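Chemist: Have a look at this one before I ask anything.
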Amino acid sequence: MSERPNASSGATVVDLRSDTVTQPTAGMRAAMASAALGDDVFGDDPSVNALQAALAERLGFEAALFMPTGTQSNLCALMAHCQRGDEYIVGQFAHTYRWEGGGAAVLGSIQPQPLSHAPDGSLPLADIEANIKPDDAHFARTRLLALENTIGGKVLPMDYLAAASELATRRGLARHLDGARLFNAAVAINAADPYAAARQICGHFDSVSVCFSKGLGAPVGSVLCGTQALIGRAHRWRKMLGGGMRQAGVLAAAAHHALDHQVRRLADDHQLAQRLAQGLQGLPGLTVEPPQTNIVFCDVAPERASGLVAHLKSHGVLATGLYRVRFVTHLDVDAAGVDRAIAAVRQFFHAQA
Ligand SMILES: *Cc1c(COP(=O)(O)O)cnc(C)c1O
């Protein structure tokens, strides 16, 4: 396992609430400190321009746009694909439907058509097809298929992406991927060449949003990739939504450092998630879902659920949830921290037994 400079073993808190909690590494801070800067609203920031060009090139897109958040990046994408009165097909648990404050509807006048997920996180093709509305004044115009990968830590199979993409294209839908954790999926598919796997995933989409402030470890930032025309429209929405930033290169440099140096290490996070899941096996009242990437979900028997997260907190371990508790591994946790989490969970269940 690579060096984990900020890892939170020892006396400090083991924070498994999210992979957003990471601190920039020394190398990342150095890249930020030395970044060449300009005014990005004038298109003058060399560090922003370099990040956008590098990601577009790596993922196989014409153009890219740096955004302050993944929520804004997804919203700009939805608004660039859809007009007022259009709808997008999306999963019930997708971030772009459930976790973005209804922004597409509120700010874009775009109607979601949410579908239930299959157990592997995918949206069944027959359900997608059945929910594409005919051209009839009664219906919103079905315009876009929005998928997410990873979804709840699960990797959508590549042949599913190919089939969903084929269906969308055949039925005239655009295809957007919320790839907040695209590189976690890519590393899970091909740890030896995650950039190739990421590019292969992206080949099935017209636009992809990637978060740098999750497992990649940057403090701020997402990038939307797409065609020149789509990114041009998204650029207009970004300005309108208040996302035009000035010397944003100080942030883009952090993301660029992550892109160059902190992609392969996501495999370490996945290993730590495995270690955690294994350590939590066999407790009566706790069902551990085997992790595919860096997120471990545990279903807690209802009569035991109350108090688990509070117990963990009092033992310096942070997690989220109640009946379904979520642990997320990341750059700032190491094996010792994971072992502390395991011990704290086991103690809770043994004390209750
Ligand atoms: C975190 C996340 C986003 C974006 O979140 P922000 O906090 O707005 O950056 C989008 N989609 C998914 C799946 C995410 O996990």
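Every chain in the structure tokens takes a letter, A first, then B, and so on in the order presented; its residues are numbered from 1, and the ligands are numbered from 1 following the presented order.
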Write down as a PyMOL selection string the residues belonging to region 84-285 of chain A that are assigned alpha helix (DSSP H) by DSSP computed on the backbone.
Modeler: chain A and resi 95-98+103-108+125-130+158-170+182-189+194-202+228-240+249-261+266-279
Chemist: Please check which protein, DNA or RNA residues sit within 6 Å of ligand 1, counting only C-alpha atoms and all ligand atoms, and write them as an MDAnalysis selection string.
Modeler: chainID A and resid 69:71 95 178 180
Chemist: Deliver the residues from the most recent selection as a file, using all heavy atoms, as an mmCIF file, in the first residue's frame.
Modeler:
```
data_model
loop_
_atom_site.group_PDB
_atom_site.id
_atom_site.type_symbol
_atom_site.label_atom_id
_atom_site.label_comp_id
_atom_site.auth_asym_id
_atom_site.auth_seq_id
_atom_site.Cartn_x
_atom_site.Cartn_y
_atom_site.Cartn_z
ATOM 1 N N THR A 69 -18.588 22.292 -7.876
ATOM 2 C CA THR A 69 -19.124 21.091 -7.230
ATOM 3 C C THR A 69 -19.666 20.111 -8.273
ATOM 4 O O THR A 69 -19.978 20.491 -9.406
ATOM 5 C CB THR A 69 -20.314 21.417 -6.283
ATOM 6 O OG1 THR A 69 -21.405 21.897 -7.081
ATOM 7 C CG2 THR A 69 -19.949 22.439 -5.225
ATOM 8 N N GLY A 70 -19.829 18.889 -7.828
ATOM 9 C CA GLY A 70 -20.436 17.877 -8.687
ATOM 10 C C GLY A 70 -21.909 18.152 -8.917
ATOM 11 O O GLY A 70 -22.450 17.858 -9.985
ATOM 12 N N THR A 71 -22.571 18.714 -7.929
ATOM 13 C CA THR A 71 -23.983 19.058 -8.087
ATOM 14 C C THR A 71 -24.149 20.073 -9.216
ATOM 15 O O THR A 71 -25.022 19.923 -10.082
ATOM 16 C CB THR A 71 -24.537 19.620 -6.755
ATOM 17 O OG1 THR A 71 -24.455 18.596 -5.773
ATOM 18 C CG2 THR A 71 -25.972 20.088 -6.893
ATOM 19 N N HIS A 95 -27.731 10.314 -7.536
ATOM 20 C CA HIS A 95 -27.445 11.631 -6.974
ATOM 21 C C HIS A 95 -28.217 12.709 -7.732
ATOM 22 O O HIS A 95 -28.785 13.627 -7.131
ATOM 23 C CB HIS A 95 -25.940 11.887 -7.054
ATOM 24 C CG HIS A 95 -25.440 12.845 -6.025
ATOM 25 N ND1 HIS A 95 -25.489 14.201 -6.204
ATOM 26 C CD2 HIS A 95 -24.866 12.643 -4.805
ATOM 27 C CE1 HIS A 95 -24.961 14.804 -5.132
ATOM 28 N NE2 HIS A 95 -24.585 13.878 -4.270
ATOM 29 N N ASP A 178 -23.128 10.484 -14.347
ATOM 30 C CA ASP A 178 -22.596 11.067 -13.126
ATOM 31 C C ASP A 178 -21.456 10.148 -12.697
ATOM 32 O O ASP A 178 -21.673 9.123 -12.057
ATOM 33 C CB ASP A 178 -23.691 11.152 -12.063
ATOM 34 C CG ASP A 178 -23.167 11.723 -10.750
ATOM 35 O OD1 ASP A 178 -21.952 11.931 -10.626
ATOM 36 O OD2 ASP A 178 -23.997 11.951 -9.846
ATOM 37 N N ALA A 180 -19.073 10.785 -10.575
ATOM 38 C CA ALA A 180 -18.421 11.349 -9.387
ATOM 39 C C ALA A 180 -17.277 10.423 -8.965
ATOM 40 O O ALA A 180 -16.177 10.874 -8.648
ATOM 41 C CB ALA A 180 -19.422 11.514 -8.255
#
```
Chemist: Which residues come within 9 Å of region 36-38 of chain A, counting only C-alpha atoms, excluding same-chain residues fewer than 3 positions away, as a PyMOL selection string?
Modeler: chain A and resi 32-33+41-48+246-250+253
Chemist: If you count only C-alpha atoms, which residues fall within 9 Å of region 303-311 of chain A, apart from same-chain ones fewer than 4 positions away, as a list in words?
Modeler: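 Non-adjacent residues within range: Gly285, Leu286, Asp299, His315, Gly316, Val317, Leu318, Ala319, Thr320, Gly321, Leu322, Tyr323, Arg324, Val325, Ala344, Val345, Phe348, Phe349 and Gln352 of chain A.
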Chemist: Taking 5 positions as the minimum chain separation for residues in the same chain, which residues sit within 8 Å of Gln52 (chain A) when counting only C-alpha atoms? Answer as an MDAnalysis selection string.
Modeler: chainID A and resid 63:66 223
Chemist: Can those selected residues be exported to a file as a tab-separated table (two decimals), in the first residue's frame so that it contains N, CA and C atoms?
Modeler:
```
chain	number	residue	atom	x	y	z
A	63	ALA	N	-14.09	18.45	-25.13
A	63	ALA	CA	-13.96	19.62	-24.27
A	63	ALA	C	-14.34	19.28	-22.84
A	64	ALA	N	-13.95	20.16	-21.91
A	64	ALA	CA	-14.25	19.94	-20.50
A	64	ALA	C	-14.38	21.29	-19.80
A	65	LEU	N	-15.04	21.28	-18.64
A	65	LEU	CA	-15.32	22.52	-17.92
A	65	LEU	C	-15.19	22.26	-16.42
A	66	PHE	N	-14.36	23.07	-15.78
A	66	PHE	CA	-14.13	22.94	-14.33
A	66	PHE	C	-15.30	23.58	-13.58
A	223	VAL	N	-15.29	18.17	-12.84
A	223	VAL	CA	-15.12	18.57	-14.24
A	223	VAL	C	-16.19	17.86	-15.07
```
Chemist: Excluding Gly152 (chain A) and residues on its chain fewer than 6 positions from it, collect all residues at most 10 Å away from it, counting only C-alpha atoms, and give them as an MDAnalysis selection string.
Modeler: chainID A and resid 93:95 120:121 181 291:297 326
Chemist: Restricting the calculation to only C-alpha atoms: of A:Leu182, A:Ala196, A:Val263, A:Cys225, which residue gets closest to Phe61 (chain A)?
Modeler: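 For Phe61 (chain A), the nearest of the given residues is A:Cys225.
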Chemist: May I have the residues within 6 Å of region 108-117 of chain A as number ranges by chain, using only C-alpha atoms and disregarding those fewer than 2 positions away in the same chain?
Modeler: A: 79, 84-92, 104-106, 121-123
Chemist: DSSP on the backbone: what in region 7-148 of chain A comes out strand (DSSP E or B), as a ChimeraX atom specification?
Modeler: /A:14-15,63-67,86-91,111-115,141-148
Chemist: Could the residues in this selection be written to a file with N, CA, C and O atoms, as a JSON list (two decimals), in the first residue's frame?
Modeler:
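The result, written out as result.json:
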```json
[["chain", "number", "residue", "atom", "x", "y", "z"],
["A", 14, "VAL", "N", -11.17, 8.43, 13.32],
["A", 14, "VAL", "CA", -11.23, 7.68, 12.07],
["A", 14, "VAL", "C", -12.52, 8.07, 11.38],
["A", 14, "VAL", "O", -13.61, 7.66, 11.81],
["A", 15, "ASP", "N", -12.41, 8.89, 10.34],
["A", 15, "ASP", "CA", -13.61, 9.48, 9.74],
["A", 15, "ASP", "C", -14.00, 8.70, 8.49],
["A", 15, "ASP", "O", -13.40, 8.87, 7.43],
["A", 63, "ALA", "N", -14.09, 18.45, -25.13],
["A", 63, "ALA", "CA", -13.96, 19.62, -24.27],
["A", 63, "ALA", "C", -14.34, 19.28, -22.84],
["A", 63, "ALA", "O", -14.97, 18.23, -22.59],
["A", 64, "ALA", "N", -13.95, 20.16, -21.91],
["A", 64, "ALA", "CA", -14.25, 19.94, -20.50],
["A", 64, "ALA", "C", -14.38, 21.29, -19.80],
["A", 64, "ALA", "O", -13.89, 22.31, -20.31],
["A", 65, "LEU", "N", -15.04, 21.28, -18.64],
["A", 65, "LEU", "CA", -15.32, 22.52, -17.92],
["A", 65, "LEU", "C", -15.19, 22.26, -16.42],
["A", 65, "LEU", "O", -15.84, 21.36, -15.89],
["A", 66, "PHE", "N", -14.36, 23.07, -15.78],
["A", 66, "PHE", "CA", -14.13, 22.94, -14.33],
["A", 66, "PHE", "C", -15.30, 23.58, -13.58],
["A", 66, "PHE", "O", -15.73, 24.68, -13.92],
["A", 67, "MET", "N", -15.76, 22.90, -12.56],
["A", 67, "MET", "CA", -16.93, 23.36, -11.79],
["A", 67, "MET", "C", -16.60, 23.33, -10.31],
["A", 67, "MET", "O", -15.81, 22.49, -9.86],
["A", 86, "ASP", "N", -38.65, 19.02, -21.00],
["A", 86, "ASP", "CA", -38.05, 17.71, -21.30],
["A", 86, "ASP", "C", -37.96, 16.89, -20.02],
["A", 86, "ASP", "O", -38.11, 17.41, -18.92],
["A", 87, "GLU", "N", -37.69, 15.60, -20.18],
["A", 87, "GLU", "CA", -37.47, 14.79, -18.99],
["A", 87, "GLU", "C", -36.23, 13.91, -19.17],
["A", 87, "GLU", "O", -35.79, 13.65, -20.29],
["A", 88, "TYR", "N", -35.68, 13.50, -18.02],
["A", 88, "TYR", "CA", -34.54, 12.58, -18.04],
["A", 88, "TYR", "C", -34.90, 11.34, -17.24],
["A", 88, "TYR", "O", -35.58, 11.41, -16.22],
["A", 89, "ILE", "N", -34.46, 10.20, -17.73],
["A", 89, "ILE", "CA", -34.66, 8.92, -17.06],
["A", 89, "ILE", "C", -33.47, 8.69, -16.14],
["A", 89, "ILE", "O", -32.31, 8.83, -16.56],
["A", 90, "VAL", "N", -33.74, 8.33, -14.89],
["A", 90, "VAL", "CA", -32.71, 8.36, -13.86],
["A", 90, "VAL", "C", -33.07, 7.34, -12.77],
["A", 90, "VAL", "O", -34.23, 6.96, -12.64],
["A", 91, "GLY", "N", -32.11, 6.89, -12.01],
["A", 91, "GLY", "CA", -32.38, 5.93, -10.94],
["A", 91, "GLY", "C", -32.94, 6.60, -9.70],
["A", 91, "GLY", "O", -32.61, 7.74, -9.38],
["A", 111, "GLN", "N", -38.10, 17.55, -15.99],
["A", 111, "GLN", "CA", -38.79, 16.58, -15.13],
["A", 111, "GLN", "C", -38.01, 15.28, -15.05],
["A", 111, "GLN", "O", -37.66, 14.70, -16.07],
["A", 112, "PRO", "N", -37.75, 14.79, -13.84],
["A", 112, "PRO", "CA", -37.13, 13.47, -13.73],
["A", 112, "PRO", "C", -38.18, 12.37, -13.93],
["A", 112, "PRO", "O", -39.33, 12.52, -13.52],
["A", 113, "GLN", "N", -37.74, 11.28, -14.54],
["A", 113, "GLN", "CA", -38.54, 10.04, -14.56],
["A", 113, "GLN", "C", -37.71, 9.00, -13.83],
["A", 113, "GLN", "O", -36.86, 8.33, -14.42],
["A", 114, "PRO", "N", -37.89, 8.89, -12.50],
["A", 114, "PRO", "CA", -37.07, 7.95, -11.74],
["A", 114, "PRO", "C", -37.52, 6.51, -11.93],
["A", 114, "PRO", "O", -38.71, 6.24, -12.01],
["A", 115, "LEU", "N", -36.55, 5.60, -11.99],
["A", 115, "LEU", "CA", -36.80, 4.16, -12.10],
["A", 115, "LEU", "C", -36.11, 3.44, -10.95],
["A", 115, "LEU", "O", -35.08, 3.89, -10.45],
["A", 141, "ARG", "N", -41.15, 15.52, -22.97],
["A", 141, "ARG", "CA", -40.33, 14.90, -24.03],
["A", 141, "ARG", "C", -39.16, 14.18, -23.38],
["A", 141, "ARG", "O", -38.31, 14.81, -22.74],
["A", 142, "THR", "N", -39.09, 12.86, -23.54],
["A", 142, "THR", "CA", -37.99, 12.10, -22.96],
["A", 142, "THR", "C", -36.74, 12.39, -23.78],
["A", 142, "THR", "O", -36.70, 12.14, -24.98],
["A", 143, "ARG", "N", -35.72, 12.92, -23.09],
["A", 143, "ARG", "CA", -34.61, 13.49, -23.85],
["A", 143, "ARG", "C", -33.27, 12.86, -23.49],
["A", 143, "ARG", "O", -32.34, 12.85, -24.27],
["A", 144, "LEU", "N", -33.18, 12.33, -22.23],
["A", 144, "LEU", "CA", -31.85, 11.99, -21.71],
["A", 144, "LEU", "C", -31.93, 10.77, -20.80],
["A", 144, "LEU", "O", -32.88, 10.63, -20.02],
["A", 145, "LEU", "N", -30.92, 9.93, -20.89],
["A", 145, "LEU", "CA", -30.71, 8.85, -19.92],
["A", 145, "LEU", "C", -29.53, 9.25, -19.04],
["A", 145, "LEU", "O", -28.44, 9.52, -19.55],
["A", 146, "ALA", "N", -29.76, 9.32, -17.73],
["A", 146, "ALA", "CA", -28.69, 9.71, -16.80],
["A", 146, "ALA", "C", -28.36, 8.51, -15.91],
["A", 146, "ALA", "O", -29.20, 8.05, -15.14],
["A", 147, "LEU", "N", -27.13, 8.01, -16.02],
["A", 147, "LEU", "CA", -26.68, 6.90, -15.18],
["A", 147, "LEU", "C", -25.61, 7.41, -14.22],
["A", 147, "LEU", "O", -25.14, 8.54, -14.33],
["A", 148, "GLU", "N", -25.24, 6.54, -13.28],
["A", 148, "GLU", "CA", -24.23, 6.90, -12.26],
["A", 148, "GLU", "C", -23.31, 5.70, -12.07],
["A", 148, "GLU", "O", -23.78, 4.58, -11.97]]
```
Chemist: Would you compute the distance between CA of Ile132 (chain A) and CA of Arg199 (chain A)? Give it in Å to one decimal.
Modeler: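 Rounded to one decimal, the two atoms are 27.7 Å apart.
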Chemist: Using only C-alpha atoms, can you tell me which of A:Ala192, A:Ala162, A:Ser222, A:Leu16 comes closest to His204 (chain A)?
Modeler: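 Among the listed residues, A:Ala162 lies closest to His204 (chain A).
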Chemist: For CA of Arg170 (chain A) and CA of Asn131 (chain A), quote the distance in Å rounded to one decimal.
Modeler: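 Result for CA of Arg170 (chain A) versus CA of Asn131 (chain A): 14.4 Å, one decimal.
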Chemist: In Å, with one decimal, what is the gap from CA of Thr96 (chain A) to CA of Met28 (chain A)?
Modeler: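 It comes out at 29.0 Å.
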Chemist: Which of these residues is nearest to Leu280 (chain A), using only C-alpha atoms: A:Val220, A:Ile342, A:Ala254, A:Ala267?
Modeler: A:Ile342
Chemist: Check the smallest atom-to-atom distance from each of A:Gln228, A:Ser213, A:Asn184, A:Ser165 to His270 (chain A) using only C-alpha atoms, then report the winner.
Modeler: A:Asn184
Chemist: From the options A:Gln262, A:Asn49, A:Gln281, A:Thr227, which residue's atoms come nearest to Gly27 (chain A), counting only C-alpha atoms?
Modeler: A:Gln262
